[in-house]
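> Structure file data09.txt (compact mmCIF, C-alpha atoms and all ligand atoms) is given on the next line.
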```txt
# COMPACT_ATOMS: atom_id res chain seq x y z
CA MET I 300 6.00 -20.90 -1.08
CA PHE I 301 3.65 -18.16 0.16
CA LYS I 302 0.64 -19.43 1.97
CA LYS I 303 -2.55 -18.75 0.07
CA LYS I 304 -6.07 -18.41 1.29
CA GLY I 305 -9.29 -18.39 -0.67
CA LEU I 306 -10.93 -15.04 -1.19
CA LEU I 307 -13.13 -13.82 1.63
CA THR I 308 -12.28 -16.71 3.95
CA SER I 309 -10.41 -14.49 6.37
CA THR I 310 -11.09 -14.49 10.06
CA VAL I 311 -13.88 -12.07 10.79
CA LEU I 312 -12.94 -10.16 13.88
CA SER I 313 -15.44 -8.50 16.09
CA LEU I 314 -14.53 -4.98 17.04
CA GLY I 315 -15.25 -5.92 20.64
CA LEU I 316 -12.46 -8.49 20.58
CA VAL I 317 -10.04 -5.99 19.13
CA MET I 318 -10.94 -3.31 21.61
CA ALA I 319 -10.33 -5.76 24.44
CA ALA I 320 -6.61 -5.79 23.66
CA CYS I 321 -4.61 -3.57 25.94
CA GLY I 322 -1.21 -3.19 27.45
CA SER I 323 -0.79 -4.00 31.10
CA ASP I 324 1.55 -5.20 33.81
CA GLU I 325 -0.67 -8.20 34.14
CA GLU I 326 -2.92 -9.69 31.49
CA THR I 327 -5.91 -9.14 33.78
CA ASP I 328 -5.31 -5.42 34.25
CA ALA I 329 -8.54 -4.05 32.84
CA GLY I 330 -7.80 -0.44 33.62
CA ALA I 331 -5.08 0.29 31.08
CA ASP I 332 -5.80 2.28 27.95
CA ASN I 333 -5.35 0.65 24.57
CA GLY I 334 -1.71 -0.06 23.87
CA GLU I 335 -0.64 1.66 27.06
CA ALA I 336 0.96 -0.06 30.03
CA SER I 337 -0.06 0.59 33.58
CA GLY I 338 2.24 0.34 36.59
CA GLY I 339 5.72 1.79 36.65
CA ASP I 340 8.34 -0.82 37.41
CA GLY I 341 9.89 -0.38 33.97
CA GLU I 342 8.89 -3.87 32.84
CA GLU I 343 5.48 -3.08 31.38
CA THR I 344 4.16 -5.41 28.73
CA TYR I 345 2.14 -4.36 25.71
CA GLU I 346 -0.41 -6.21 23.62
CA LEU I 347 -0.73 -4.32 20.37
CA ARG I 348 -2.85 -4.48 17.23
CA PHE I 349 -1.59 -4.24 13.66
CA ALA I 350 -4.20 -3.69 10.92
CA THR I 351 -3.48 -4.64 7.31
CA GLU I 352 -5.46 -4.18 4.09
CA GLU I 353 -4.70 -7.67 2.82
CA TYR I 354 -5.20 -11.36 3.69
CA GLU I 355 -2.84 -13.91 5.13
CA GLY I 356 -0.43 -14.97 2.38
CA GLN I 357 -0.50 -11.51 0.80
CA LEU I 358 2.32 -9.03 1.22
CA GLN I 359 1.00 -6.60 3.83
CA TYR I 360 -0.09 -9.39 6.15
CA GLU I 361 3.14 -11.36 5.77
CA TYR I 362 5.15 -8.17 6.36
CA ALA I 363 3.14 -7.31 9.47
CA GLN I 364 3.51 -10.83 10.88
CA GLU I 365 7.30 -10.76 10.42
CA PHE I 366 7.37 -7.28 11.95
CA ALA I 367 5.39 -8.54 14.96
CA ASP I 368 7.69 -11.55 15.45
CA LEU I 369 10.82 -9.44 15.19
CA LEU I 370 9.52 -6.84 17.62
CA GLU I 371 8.55 -9.50 20.14
CA GLU I 372 12.04 -11.03 19.88
CA LYS I 373 13.78 -7.68 20.26
CA THR I 374 11.76 -6.75 23.34
CA ASP I 375 12.08 -10.19 25.00
CA GLY I 376 8.35 -10.62 24.77
CA ARG I 377 7.40 -7.28 26.32
CA ILE I 378 5.63 -6.30 23.11
CA THR I 379 3.32 -8.82 21.52
CA THR I 380 1.33 -7.81 18.46
CA SER I 381 -1.76 -9.34 16.89
CA VAL I 382 -1.95 -8.90 13.13
CA TYR I 383 -5.37 -8.44 11.55
CA GLU I 384 -6.34 -9.41 8.03
CA PHE I 385 -8.42 -7.10 5.89
CA GLY I 386 -12.17 -7.17 6.43
CA GLY I 387 -12.78 -7.50 10.16
CA LEU I 388 -12.00 -3.87 10.92
CA GLY I 389 -14.06 -2.35 8.11
CA SER I 390 -12.97 -0.79 4.85
CA GLU I 391 -9.49 0.59 4.07
CA VAL I 392 -10.82 4.09 4.87
CA ASP I 393 -12.24 2.87 8.23
CA GLN I 394 -8.82 1.42 9.07
CA PHE I 395 -7.16 4.74 8.35
CA GLU I 396 -9.54 6.30 10.88
CA MET I 397 -8.65 3.63 13.45
CA ILE I 398 -4.93 4.33 13.28
CA GLN I 399 -5.69 8.04 13.72
CA ASN I 400 -7.77 7.55 16.85
CA GLY I 401 -5.65 4.77 18.41
CA GLY I 402 -8.15 1.95 17.74
CA VAL I 403 -5.05 0.11 16.51
CA GLU I 404 -1.41 0.97 17.25
CA PHE I 405 0.09 -0.10 13.91
CA ALA I 406 -1.38 -0.23 10.40
CA ILE I 407 -0.27 -0.67 6.83
CA VAL I 408 -1.95 2.13 4.93
CA SER I 409 -2.23 2.62 1.17
CA PRO I 410 -1.99 6.36 0.44
CA GLY I 411 -4.67 5.90 -2.22
CA PHE I 412 -7.21 5.67 0.59
CA THR I 413 -6.00 8.78 2.45
CA GLY I 414 -6.34 11.33 -0.36
CA THR I 415 -9.45 12.98 1.06
CA THR I 416 -7.63 13.60 4.40
CA VAL I 417 -3.93 14.04 3.64
CA HIS I 418 -4.16 15.59 0.18
CA GLU I 419 -0.37 15.59 -0.30
CA GLY I 420 -0.36 11.76 -0.04
CA GLN I 421 -1.95 11.75 -3.48
CA LEU I 422 1.47 12.17 -5.04
CA PHE I 423 1.78 8.38 -5.02
CA ALA I 424 -1.03 8.30 -7.58
CA LEU I 425 1.06 10.24 -10.10
CA GLN I 426 1.77 7.78 -12.89
CA PHE I 427 5.30 7.56 -14.36
CA LEU I 428 6.65 9.52 -11.37
CA PHE I 429 9.04 6.93 -9.98
CA SER I 430 11.96 5.32 -11.77
CA ASP I 431 11.73 2.22 -13.96
CA ASP I 432 14.66 0.92 -11.90
CA GLU I 433 13.54 -0.94 -8.79
CA ASP I 434 16.84 -0.29 -6.99
CA VAL I 435 16.40 3.46 -7.47
CA ASN I 436 12.89 3.32 -6.05
CA TYR I 437 14.07 1.25 -3.08
CA GLU I 438 16.72 3.86 -2.29
CA VAL I 439 14.32 6.78 -2.74
CA LEU I 440 11.54 5.29 -0.59
CA ASN I 441 14.01 4.55 2.21
CA GLU I 442 16.00 7.76 2.11
CA SER I 443 13.82 10.50 0.66
CA GLU I 444 13.57 13.57 2.89
CA ALA I 445 10.52 14.68 0.89
CA LEU I 446 8.68 11.50 1.90
CA ASN I 447 10.14 10.52 5.26
CA GLU I 448 10.17 14.03 6.71
CA ASP I 449 8.00 16.48 4.76
CA LEU I 450 5.16 14.20 3.71
CA ALA I 451 5.38 12.27 6.99
CA ALA I 452 4.78 15.56 8.86
CA LYS I 453 1.50 15.97 6.95
CA TYR I 454 0.31 12.58 8.22
CA GLU I 455 1.49 13.44 11.75
CA GLU I 456 -1.03 16.31 11.76
CA TYR I 457 -3.60 13.49 11.89
CA ASN I 458 -1.81 11.57 14.67
CA VAL I 459 -0.39 9.03 12.22
CA LYS I 460 3.38 8.55 11.93
CA PRO I 461 4.64 6.88 8.73
CA LEU I 462 7.59 4.72 9.78
CA ALA I 463 8.42 3.39 6.31
CA PHE I 464 7.31 3.73 2.70
CA TRP I 465 7.82 0.52 0.73
CA SER I 466 6.89 -0.91 -2.63
CA GLU I 467 4.49 -3.79 -3.23
CA GLY I 468 5.65 -3.86 -6.85
CA GLY I 469 4.88 -2.36 -10.23
CA MET I 470 1.25 -1.52 -11.02
CA GLN I 471 -0.37 -3.30 -13.95
CA TRP I 472 -3.74 -3.03 -15.66
CA THR I 473 -6.27 -5.79 -16.15
CA GLY I 474 -9.40 -5.57 -18.27
CA HIS I 475 -12.20 -7.34 -20.03
CA THR I 476 -10.69 -5.74 -23.13
CA GLU I 477 -7.10 -5.02 -24.26
CA LEU I 478 -5.39 -1.93 -22.83
CA ARG I 479 -2.46 -0.97 -25.05
CA GLN I 480 -3.01 2.69 -25.89
CA PRO I 481 -4.87 5.57 -24.25
CA SER I 482 -7.80 5.26 -26.66
CA ASP I 483 -8.44 1.74 -25.28
CA PHE I 484 -9.56 3.49 -22.07
CA GLU I 485 -12.32 5.42 -23.85
CA GLY I 486 -15.47 4.79 -21.76
CA PHE I 487 -13.64 2.06 -19.81
CA ARG I 488 -15.20 1.58 -16.36
CA MET I 489 -12.07 1.59 -14.23
CA ARG I 490 -12.02 0.70 -10.53
CA THR I 491 -9.77 2.96 -8.44
CA GLN I 492 -8.94 3.71 -4.82
CA GLU I 493 -10.42 6.86 -3.22
CA SER I 494 -8.46 9.88 -4.36
CA SER I 495 -9.53 12.63 -6.71
CA LEU I 496 -6.12 12.54 -8.39
CA ILE I 497 -6.46 8.87 -9.31
CA LEU I 498 -9.91 9.53 -10.76
CA ARG I 499 -8.64 12.52 -12.70
CA SER I 500 -5.66 10.54 -14.05
CA TYR I 501 -7.95 7.95 -15.59
CA GLU I 502 -10.28 10.61 -16.95
CA GLN I 503 -7.23 11.96 -18.80
CA TYR I 504 -7.14 8.64 -20.65
CA GLY I 505 -10.87 8.93 -21.41
CA ALA I 506 -11.92 6.32 -18.82
CA ASP I 507 -14.95 6.35 -16.55
CA PRO I 508 -13.39 5.68 -13.09
CA THR I 509 -15.25 4.49 -9.98
CA PRO I 510 -13.73 4.40 -6.47
CA LEU I 511 -14.39 1.09 -4.71
CA SER I 512 -13.03 -0.99 -1.84
CA TRP I 513 -11.17 -4.02 -3.14
CA ALA I 514 -13.57 -6.16 -1.10
CA GLU I 515 -16.17 -5.52 -3.80
CA LEU I 516 -13.87 -5.69 -6.78
CA TYR I 517 -13.96 -9.38 -7.70
CA SER I 518 -17.77 -9.51 -7.86
CA SER I 519 -17.94 -6.20 -9.74
CA LEU I 520 -15.55 -7.52 -12.38
CA GLN I 521 -17.40 -10.81 -12.53
CA LEU I 522 -20.78 -9.12 -12.95
CA GLY I 523 -19.34 -6.78 -15.56
CA ASN I 524 -20.20 -3.60 -13.61
CA ILE I 525 -16.54 -2.68 -13.78
CA ASP I 526 -14.28 -3.27 -16.81
CA GLY I 527 -10.88 -3.30 -15.17
CA GLN I 528 -8.50 -2.28 -12.42
CA GLU I 529 -4.84 -1.66 -11.50
CA ASN I 530 -2.71 -3.54 -8.97
CA PRO I 531 0.64 -5.30 -8.55
CA ILE I 532 0.84 -8.76 -10.13
CA PHE I 533 0.91 -10.69 -6.85
CA PHE I 534 -2.36 -9.10 -5.81
CA ILE I 535 -4.05 -9.66 -9.17
CA GLU I 536 -3.31 -13.36 -8.86
CA ASP I 537 -3.87 -13.80 -5.13
CA ALA I 538 -7.19 -11.93 -5.15
CA ASN I 539 -8.12 -14.01 -8.22
CA PHE I 540 -8.90 -10.97 -10.37
CA HIS I 541 -7.25 -12.75 -13.31
CA GLU I 542 -10.07 -15.33 -13.14
CA VAL I 543 -12.56 -12.64 -14.12
CA GLN I 544 -10.35 -10.60 -16.47
CA GLU I 545 -9.37 -11.69 -19.97
CA HIS I 546 -6.39 -9.33 -20.35
CA MET I 547 -3.47 -8.13 -18.27
CA THR I 548 -1.18 -5.33 -19.46
CA VAL I 549 2.27 -5.13 -17.91
CA SER I 550 2.43 -1.34 -17.97
CA ASP I 551 4.47 -0.53 -14.85
CA HIS I 552 2.76 2.87 -14.96
CA ASN I 553 3.42 3.31 -11.25
CA ILE I 554 4.65 1.45 -8.18
CA TYR I 555 2.27 0.46 -5.40
CA VAL I 556 3.55 2.21 -2.28
CA ALA I 557 2.43 1.05 1.16
CA MET I 558 3.12 2.90 4.40
CA THR I 559 3.95 1.24 7.70
CA THR I 560 2.33 3.55 10.25
CA VAL I 561 2.06 3.90 14.01
CA ASN I 562 -0.32 6.00 16.08
CA THR I 563 1.79 9.05 16.94
CA ASP I 564 0.64 9.46 20.58
CA PHE I 565 1.25 5.80 21.32
CA TYR I 566 4.71 5.92 19.73
CA ASN I 567 5.74 9.06 21.61
CA GLU I 568 4.61 7.63 24.93
CA LEU I 569 6.52 4.35 24.60
CA PRO I 570 9.54 3.94 26.92
CA ASP I 571 12.77 4.84 25.09
CA ASP I 572 14.09 1.27 24.86
CA LEU I 573 10.85 -0.03 23.34
CA ARG I 574 10.62 2.87 20.90
CA ALA I 575 14.19 2.05 19.82
CA ALA I 576 13.13 -1.57 19.28
CA VAL I 577 10.28 -0.40 17.04
CA ASP I 578 12.71 1.76 15.03
CA GLU I 579 15.18 -1.11 14.64
CA THR I 580 12.39 -3.42 13.51
CA VAL I 581 11.33 -0.90 10.86
CA GLU I 582 14.91 -0.72 9.53
CA GLU I 583 15.38 -4.49 9.44
CA MET I 584 12.08 -4.97 7.64
CA ARG I 585 13.09 -2.78 4.66
CA PRO I 586 15.10 -5.41 2.72
CA VAL I 587 12.70 -8.15 3.85
CA ALA I 588 9.76 -6.31 2.27
CA GLN I 589 11.70 -5.67 -0.94
CA ASP I 590 12.74 -9.33 -1.30
CA MET I 591 9.22 -10.52 -0.53
CA GLN I 592 7.59 -8.31 -3.14
CA ILE I 593 10.07 -9.21 -5.88
CA GLU I 594 9.69 -12.91 -5.20
CA MET I 595 5.90 -12.84 -4.92
CA ASN I 596 5.43 -10.74 -8.06
CA GLU I 597 7.72 -12.99 -10.12
CA GLU I 598 6.22 -16.20 -8.83
CA LEU I 599 2.62 -15.13 -9.32
CA LEU I 600 3.24 -13.79 -12.84
CA THR I 601 4.18 -17.32 -13.79
CA ALA I 602 1.05 -18.58 -12.02
CA ILE I 603 -1.14 -16.27 -14.13
CA GLU I 604 0.65 -17.24 -17.33
CA GLU I 605 0.30 -20.94 -16.58
CA ASP I 606 -3.30 -20.90 -15.39
CA ASP I 607 -4.95 -22.78 -18.27
CA GLU I 608 -8.28 -22.99 -16.47
CA ASN I 609 -8.54 -19.21 -16.33
CA PRO I 610 -6.60 -17.97 -19.37
CA THR I 611 -5.51 -14.34 -19.24
CA GLU I 612 -3.66 -12.79 -22.17
CA VAL I 613 -0.55 -11.07 -20.76
CA TYR I 614 0.85 -8.25 -22.86
CA THR I 615 3.89 -6.10 -21.99
CA LEU I 616 3.76 -2.52 -23.31
CA THR I 617 6.64 -1.40 -25.52
CA GLU I 618 8.52 1.77 -24.50
CA ASP I 619 6.73 3.70 -27.29
CA GLU I 620 3.37 2.52 -25.99
CA ARG I 621 4.33 3.54 -22.44
CA ASP I 622 5.36 6.97 -23.75
CA ALA I 623 1.85 7.58 -25.11
CA PHE I 624 0.47 7.14 -21.56
CA ARG I 625 3.36 9.06 -20.01
CA GLU I 626 2.56 12.09 -22.17
CA LEU I 627 -0.96 12.26 -20.73
CA ALA I 628 0.14 11.44 -17.18
CA ILE I 629 2.91 14.02 -16.67
CA PRO I 630 0.54 17.05 -16.77
CA MET I 631 -1.17 15.52 -13.73
CA GLN I 632 1.82 16.78 -11.72
CA ASP I 633 0.52 20.32 -12.31
CA TYR I 634 -2.97 19.24 -11.36
CA TYR I 635 -1.49 17.87 -8.10
CA ARG I 636 0.37 21.17 -7.49
CA ASP I 637 -2.83 23.19 -7.98
CA GLU I 638 -4.87 20.82 -5.80
CA VAL I 639 -2.58 20.65 -2.78
CA GLY I 640 -1.00 24.10 -2.72
CA GLU I 641 2.54 25.34 -2.16
CA GLU I 642 3.75 23.00 0.56
CA GLY I 643 2.53 19.92 -1.28
CA ALA I 644 4.05 21.21 -4.50
CA ALA I 645 7.40 21.65 -2.72
CA ILE I 646 7.22 18.02 -1.55
CA LEU I 647 6.72 16.85 -5.14
CA ASP I 648 9.52 19.03 -6.47
CA LYS I 649 11.95 17.78 -3.83
CA LEU I 650 10.95 14.19 -4.54
CA LEU I 651 11.52 14.66 -8.28
CA GLU I 652 15.03 15.96 -7.53
CA GLU I 653 15.71 13.01 -5.23
CA ILE I 654 14.59 10.51 -7.87
CA GLU I 655 16.81 12.17 -10.47
CA ALA I 656 19.79 12.16 -8.10
CA ALA I 657 19.24 8.49 -7.21
CA GLU I 658 19.04 7.60 -10.92
CA GLY I 659 22.39 9.34 -11.40
CA ASN I 660 23.89 7.22 -8.63
CA GLN I 661 23.01 3.90 -10.26
O1 LIG S 701 -6.45 -2.49 -4.72
C1 LIG S 701 -6.49 -2.33 -3.51
O2 LIG S 701 -7.24 -1.52 -3.00
C2 LIG S 701 -5.62 -3.20 -2.63
N1 LIG S 701 -4.38 -3.47 -3.31
C3 LIG S 701 -3.32 -3.87 -2.65
C4 LIG S 701 -2.06 -4.25 -3.34
N2 LIG S 701 -3.29 -3.90 -1.31
C5 LIG S 701 -4.43 -3.53 -0.48
C6 LIG S 701 -5.33 -2.57 -1.25
O3 LIG S 701 -6.47 -2.23 -0.56
```
Please render this file's structure as structure tokens.


Amino acid sequence: MFKKKGLLTSTVLSLGLVMAACGSDEETDAGADNGEASGGDGEETYELRFATEEYEGQLQYEYAQEFADLLEEKTDGRITTSVYEFGGLGSEVDQFEMIQNGGVEFAIVSPGFTGTTVHEGQLFALQFLFSDDEDVNYEVLNESEALNEDLAAKYEEYNVKPLAFWSEGGMQWTGHTELRQPSDFEGFRMRTQESSLILRSYEQYGADPTPLSWAELYSSLQLGNIDGQENPIFFIEDANFHEVQEHMTVSDHNIYVAMTTVNTDFYNELPDDLRAAVDETVEEMRPVAQDMQIEMNEELLTAIEEDDENPTEVYTLTEDERDAFRELAIPMQDYYRDEVGEEGAAILDKLLEEIEAAEGNQ
């Protein structure tokens, strides 16, 4: 049901084309700044850009496209938004820079690529932090003060406003070899996103982690330069990693959290009615994103299991096996506290309380 595209066949955008997009009273108004309308009759129109880290058919892109359509509808066409697939705007880290400097107005950002800037965002790399109950996590991501206010304020220092935190699904491991207990990671060349906490977490298991853009991951796995990686199931299948990995471990050692972000200056300067339309769109997209990720992850698990041409052995960890990893992962919360200092530690502590309270509510 979800449209699929072959790997690396995405539209390659030139930066020049992207930078040509601007808001204006008339399409030909060349004087307006990016995303900013000129003129003052109250009926300005805006042509915006939305960067994603994934391809058409994958979650972030499909989310962004639905977001764009909804926003256009709500504003009677005054806001139109072009959604960009991963690749044309550079690496994930480059895209995070673009949302900071207004090169794009909206972006989906994975916190795993912001760890060297917003250190507190590394809390999403803490394994076994969130609940095993998807409903609890949905409630926490939507309602947490620790995330939506305290952590969001840390991103706002860089001119980036997180509008929503949402899950792309449980994180699973794939490898050339089986991964069932921490000792299986001994010397394992693990691909990670760019955050010292992620690297450190895998070193705890004895692995040899390497940060890499996902653009280079398939070939690295195929060539054997990297032994394995972590991602939600839909992404493992859609990016074809299962083709070049013999084993997949359903570990649910974390959830993959994505952030819907807007450039803060742009957001603050929007007319009130249009800003309200953006806020409404964000709210209405919450259940849409949750349904999409559940459906995609379920559907593509079956696809991996039934792919006889590229057989991948799928193994689900028992609770005892998960506990062995959990024991090594929990001390990373202290590492995080030491790394990010008092304010970051307070964010983690508040989040832990919120997760516990939400678990009690279920
Ligand atoms: O592994 C990664 O880096 C990529 N994974 C997902 C689920 N989305 C984009 C991200 O860059």

> Which residues are near ligand LIG 701 (chain S) in this structure, taking near to mean any atom at most 6 Å from a ligand atom and counting only C-alpha atoms and all ligand atoms? Format them as JSON, numbers by chain.

{"I": [352, 353, 492, 512, 513, 530, 531, 534]}

> Taking into account all atoms listed in the file, which residue in the set I:Gly486, I:Gly474, I:Pro410, I:Gly401 is nearest to I:Glu612?

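Smallest separation from I:Glu612 among the options: I:Gly474.
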
> Neighbouring residues of I:Tyr635 were defined as those with any atom within 10 Å, considering only C-alpha atoms; residues of the same chain fewer than 5 positions away were excluded. Please report them as a VMD selection string.

chain I and resid 418 to 419 421 to 422 424 to 425 495 to 496 630 640 643 to 644 647

> Applying 12 Å and all atoms listed in the file, which residues near stretch 429-432 of chain I remain after dropping the ones on its own chain fewer than 6 positions away? List them as a count of residues only.

33

> Calculated over only C-alpha atoms, which of the candidates I:Thr351, I:Gln544, I:Thr344, I:Asn524 has the smallest distance to I:Thr473?

I:Gln544

> Near I:Ala506, counting all atoms listed in the file, which residues have an atom at most 12 Å away, once you skip same-chain residues fewer than 4 positions from it, shown as a list of chain:residue names?

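So, after excluding close chain neighbours, the residues are I:Leu478, I:Gln480, I:Pro481, I:Ser482, I:Asp483, I:Phe484, I:Glu485, I:Gly486, I:Phe487, I:Arg488, I:Met489, I:Arg490, I:Thr491, I:Ile497, I:Leu498, I:Arg499, I:Ser500, I:Tyr501, I:Glu502, I:Ile525, I:Asp526, I:Gly527, I:Gln528.
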
> Can you work out the spacing between atom CA of I:Thr548 and atom CA of I:Ile603 in Å, to one decimal?

12.2 Å

> Using all atoms listed in the file, which of I:Phe349, I:Tyr566, I:Phe427, I:Tyr457 sits nearest I:Leu388?

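Using all atoms listed in the file, I:Leu388 sits closest to I:Phe349.
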
> Which distance in Å separates atom CA of I:Glu598 and atom CA of I:Glu467, to one decimal?

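It comes out at 13.7 Å.
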
> Name the residues in contact with I:Val417 at a cut-off of 7 Å, using only C-alpha atoms, excluding same-chain residues fewer than 3 positions from it; report them as a PyMOL selection string.

chain I and resi 413-414+420+453-454

> How about saving the chosen residues, C-alpha atoms kept, as an mmCIF file, in the coordinates of the input?


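And here is the file that came out, again-v8.cif:
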```cif
data_model
loop_
_atom_site.group_PDB
_atom_site.id
_atom_site.type_symbol
_atom_site.label_atom_id
_atom_site.label_comp_id
_atom_site.auth_asym_id
_atom_site.auth_seq_id
_atom_site.Cartn_x
_atom_site.Cartn_y
_atom_site.Cartn_z
ATOM 1 C CA THR I 413 -6.000 8.780 2.450
ATOM 2 C CA GLY I 414 -6.340 11.330 -0.360
ATOM 3 C CA GLY I 420 -0.360 11.760 -0.040
ATOM 4 C CA LYS I 453 1.500 15.970 6.950
ATOM 5 C CA TYR I 454 0.310 12.580 8.220
#
```

> I'd like the contact shell of I:Leu573 - 12 Å cut-off, only C-alpha atoms, skipping same-chain residues fewer than 6 positions apart - returned as number ranges by chain.

I: 336, 341-345, 370-379, 565-567, 579-580

> Mind pulling up the distance from atom CA of I:Ala628 to atom CA of I:Gln357?

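Distance between the two atoms: 29.2 Å.
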
> Ranking I:Phe624, I:Met558, I:Glu542, I:Asp368 by minimum distance to I:Leu446 and counting only C-alpha atoms, which one comes first?

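Selected residue with least distance to I:Leu446: I:Met558.
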